[in-house]
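Inspection log for the structure reproduced underneath, given as structure tokens.
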Amino acid sequence: MARPVARWRRREVLTLGLGVVALGPLAAPAIAPAGDPQPEQVVRGLVEEIWTTLRTNGADERSRVDRMMALFEARTDVGLISRLALGRYWNRLPETRRTEYQELFRDVVIRSLARRLDAYAADAEGAIDERFQILSSVPAGRRDTLVRSKVFPASGPPLALDWRVREGDTAPLIIDLIVEGASLLVSQRSEFAAVIERQDVDGLLAELRARAASSRS
């Protein structure tokens, strides 16, 4: 029997990083943002929209999840992230299978993240500025900017959450998230590679299909 796709523990840490925005009071004084404002505005805009979605009265879970998926797709480069997550195996994937893979990536990875965030809907209270702060932004290569931020849990130290933002054709787009030094993209690529080494690319697609079918039920 095929082994299930890895449970993406580091991505759960990522979800904690975003979801904890909905938890607990501010634990430190505000720090004024610095650096390139445009990537910071992309990050800030996404977090504010997630916060608003979580606080939408009368919306059921499916509606909130669908809305958050749309937000991720609007402010992140899901196509690029899916290709980078496949790494060197992208070039081995036949052209006829690439569209299916990217759709499955969206249905499995992005929907899973949206659902995990939705678990915090009941706790989304108060002002977002009391939960989330952008600290600064620094260049990260020729086209990327690393936006540094923190979220504040109800107990324990603040959590570092960094966003890698790349210049796009019309606006910057988020391509990676790093929680306490753990990259979502690097973790996902490692886990996909492990499945492919065991079962080949067709095995990965089969497992993603099964997970996508389960998530829709």
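Ordering of the structure tokens sets the chain letters (A, B, ...); residue numbers start at 1 within each chain; ligands are numbered from 1 in the order shown.
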Which neighbours of A:Leu161 fall inside 10 Å, counting only C-alpha atoms, when residues of the same chain fewer than 2 positions from it are skipped, and could you give them as a list of chain:residue names?
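After dropping sequence-adjacent residues, the list is A:Leu14, A:Gly17, A:Leu18, A:Phe132, A:Gln133, A:Ile134, A:Val147, A:Arg148, A:Ser149, A:Lys150, A:Val151, A:Pro158, A:Leu159, A:Trp163, A:Leu177, A:Ile178, A:Val179, A:Glu180, A:Gly181, A:Ala182, A:Ser183.
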Mind dumping the selected residues with C-alpha atoms as a compact mmCIF listing (two decimals), in the first residue's frame?
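Saved to out_31.txt:
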# COMPACT_ATOMS: atom_id res chain seq x y z
CA LEU A 14 3.75 28.08 9.35
CA GLY A 17 2.67 31.46 12.75
CA LEU A 18 -0.23 32.93 10.79
CA PHE A 132 0.90 41.23 14.07
CA GLN A 133 3.78 43.60 13.33
CA ILE A 134 6.00 44.15 10.32
CA VAL A 147 9.88 41.10 4.86
CA ARG A 148 10.45 40.45 8.54
CA SER A 149 7.49 40.31 10.91
CA LYS A 150 6.43 38.93 14.26
CA VAL A 151 3.27 37.52 15.77
CA PRO A 158 7.08 36.32 19.96
CA LEU A 159 7.27 34.20 16.82
CA TRP A 163 8.02 36.49 3.94
CA LEU A 177 7.32 31.89 4.22
CA ILE A 178 9.93 31.23 6.89
CA VAL A 179 8.85 30.56 10.47
CA GLU A 180 11.66 30.65 13.03
CA GLY A 181 14.10 29.80 10.24
CA ALA A 182 11.98 26.97 8.74
CA SER A 183 11.14 27.57 5.06
Distance query A:Asp176 at most 8 Å, only C-alpha atoms, self and fewer than 5 positions along chain excluded, as a list in words
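Using only C-alpha atoms, the neighbours found are Ile81, Trp163, Arg164, Val165, Ser183, Leu184 and Leu185 of chain A.
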N, CA, C and O atoms of the current selection, written as a compact mmCIF listing (two decimals), in the first residue's frame:
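Final file, out26.txt:
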# COMPACT_ATOMS: atom_id res chain seq x y z
N ILE A 81 5.53 28.69 -6.94
CA ILE A 81 5.76 27.91 -5.73
C ILE A 81 5.60 26.42 -6.01
O ILE A 81 6.40 25.60 -5.55
N TRP A 163 8.72 36.70 5.21
CA TRP A 163 8.02 36.49 3.94
C TRP A 163 8.99 36.83 2.81
O TRP A 163 9.51 37.94 2.75
N ARG A 164 9.22 35.89 1.90
CA ARG A 164 10.05 36.17 0.73
C ARG A 164 9.14 36.65 -0.39
O ARG A 164 8.24 35.93 -0.83
N VAL A 165 9.37 37.87 -0.84
CA VAL A 165 8.50 38.51 -1.82
C VAL A 165 9.32 38.78 -3.09
O VAL A 165 10.42 39.33 -3.01
N SER A 183 11.75 27.14 6.32
CA SER A 183 11.14 27.57 5.06
C SER A 183 10.05 26.60 4.62
O SER A 183 10.27 25.39 4.53
N LEU A 184 8.86 27.14 4.32
CA LEU A 184 7.78 26.32 3.79
C LEU A 184 8.20 25.68 2.48
O LEU A 184 7.98 24.49 2.26
N LEU A 185 8.81 26.45 1.61
CA LEU A 185 9.17 25.95 0.28
C LEU A 185 10.21 24.85 0.36
O LEU A 185 10.09 23.80 -0.29
Compare A:Arg64, A:Arg198, A:Arg143, A:Arg97 by their minimum atom-to-atom distance to A:Ala171, counting only C-alpha atoms, and give me the closest one.
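Ranking A:Arg64, A:Arg198, A:Arg143, A:Arg97 by distance to A:Ala171, first place goes to A:Arg143.
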All strand (DSSP E or B) positions in stretch 23-192 of chain A, as a PyMOL selection string:
chain A and resi 76+132-139+144-151+159-166+173-179+182-183
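The space separating atom CA of A:Glu48 from atom CA of A:Arg131 comes to 11.0 Å.
Take atom CA of A:Arg115 and atom CA of A:Pro39: the distance between them is 25.3 Å.
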Env of A:Arg92: 9 Å cut, atoms = only C-alpha atoms, seq-sep filter 3 positions within chain, self excluded. Answer as a tab-separated table (two decimals) with C-alpha atoms, in the first residue's frame.
chain	number	residue	atom	x	y	z
A	88	ARG	CA	14.49	19.22	-10.40
A	89	TYR	CA	11.58	16.84	-10.94
A	201	VAL	CA	6.46	11.28	-10.05
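Of note, atom CA of A:Ala210 and atom CA of A:Phe105 are spaced 12.0 Å apart.
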Using only C-alpha atoms, find the one residue out of A:Leu205, A:Leu54, A:Leu117, A:Ile110 that sits nearest to A:Val78.
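Selected residue with least distance to A:Val78: A:Ile110.
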Check the DSSP output for the backbone and give back, as JSON, numbers by chain, the residues of stretch 73-165 of chain A in alpha helix (DSSP H).
{"A": [73, 74, 75, 78, 79, 80, 81, 82, 83, 84, 85, 86, 95, 96, 97, 98, 99, 100, 101, 102, 103, 104, 105, 111, 112, 113, 114, 115, 116, 117, 118]}
Exercise: A:Thr53 partners within 8 Å, only C-alpha atoms, chain neighbours under 4 positions left out, as a ChimeraX atom specification:
/A:49,64,67-68
Requested write-out: all heavy atoms of the selected residues, as an mmCIF file, in the first residue's frame:
data_model
loop_
_atom_site.group_PDB
_atom_site.id
_atom_site.type_symbol
_atom_site.label_atom_id
_atom_site.label_comp_id
_atom_site.auth_asym_id
_atom_site.auth_seq_id
_atom_site.Cartn_x
_atom_site.Cartn_y
_atom_site.Cartn_z
ATOM 1 N N GLU A 49 -6.482 40.896 5.115
ATOM 2 C CA GLU A 49 -7.611 40.236 4.453
ATOM 3 C C GLU A 49 -7.932 38.893 5.105
ATOM 4 O O GLU A 49 -9.102 38.513 5.225
ATOM 5 C CB GLU A 49 -7.306 40.073 2.967
ATOM 6 C CG GLU A 49 -7.351 41.398 2.215
ATOM 7 C CD GLU A 49 -6.835 41.285 0.791
ATOM 8 O OE1 GLU A 49 -5.921 40.469 0.547
ATOM 9 O OE2 GLU A 49 -7.346 42.014 -0.071
ATOM 10 N N ARG A 64 -15.432 30.629 4.020
ATOM 11 C CA ARG A 64 -14.199 31.249 4.510
ATOM 12 C C ARG A 64 -12.973 30.611 3.870
ATOM 13 O O ARG A 64 -12.021 31.308 3.476
ATOM 14 C CB ARG A 64 -14.123 31.133 6.036
ATOM 15 C CG ARG A 64 -15.125 31.999 6.784
ATOM 16 C CD ARG A 64 -14.774 32.067 8.272
ATOM 17 N NE ARG A 64 -14.721 30.747 8.893
ATOM 18 C CZ ARG A 64 -15.743 30.154 9.493
ATOM 19 N NH1 ARG A 64 -16.925 30.758 9.549
ATOM 20 N NH2 ARG A 64 -15.609 28.960 10.047
ATOM 21 N N ARG A 67 -12.616 31.719 0.317
ATOM 22 C CA ARG A 67 -12.169 33.113 0.287
ATOM 23 C C ARG A 67 -10.677 33.203 0.570
ATOM 24 O O ARG A 67 -9.943 33.934 -0.113
ATOM 25 C CB ARG A 67 -12.959 33.933 1.318
ATOM 26 C CG ARG A 67 -12.467 35.353 1.551
ATOM 27 C CD ARG A 67 -12.492 36.177 0.292
ATOM 28 N NE ARG A 67 -12.045 37.547 0.550
ATOM 29 C CZ ARG A 67 -11.605 38.372 -0.393
ATOM 30 N NH1 ARG A 67 -11.557 37.978 -1.658
ATOM 31 N NH2 ARG A 67 -11.225 39.595 -0.086
ATOM 32 N N MET A 68 -10.194 32.464 1.555
ATOM 33 C CA MET A 68 -8.768 32.525 1.881
ATOM 34 C C MET A 68 -7.910 31.933 0.775
ATOM 35 O O MET A 68 -6.806 32.416 0.501
ATOM 36 C CB MET A 68 -8.504 31.848 3.229
ATOM 37 C CG MET A 68 -8.909 32.741 4.386
ATOM 38 S SD MET A 68 -8.347 32.153 5.997
ATOM 39 C CE MET A 68 -9.498 30.814 6.269
#
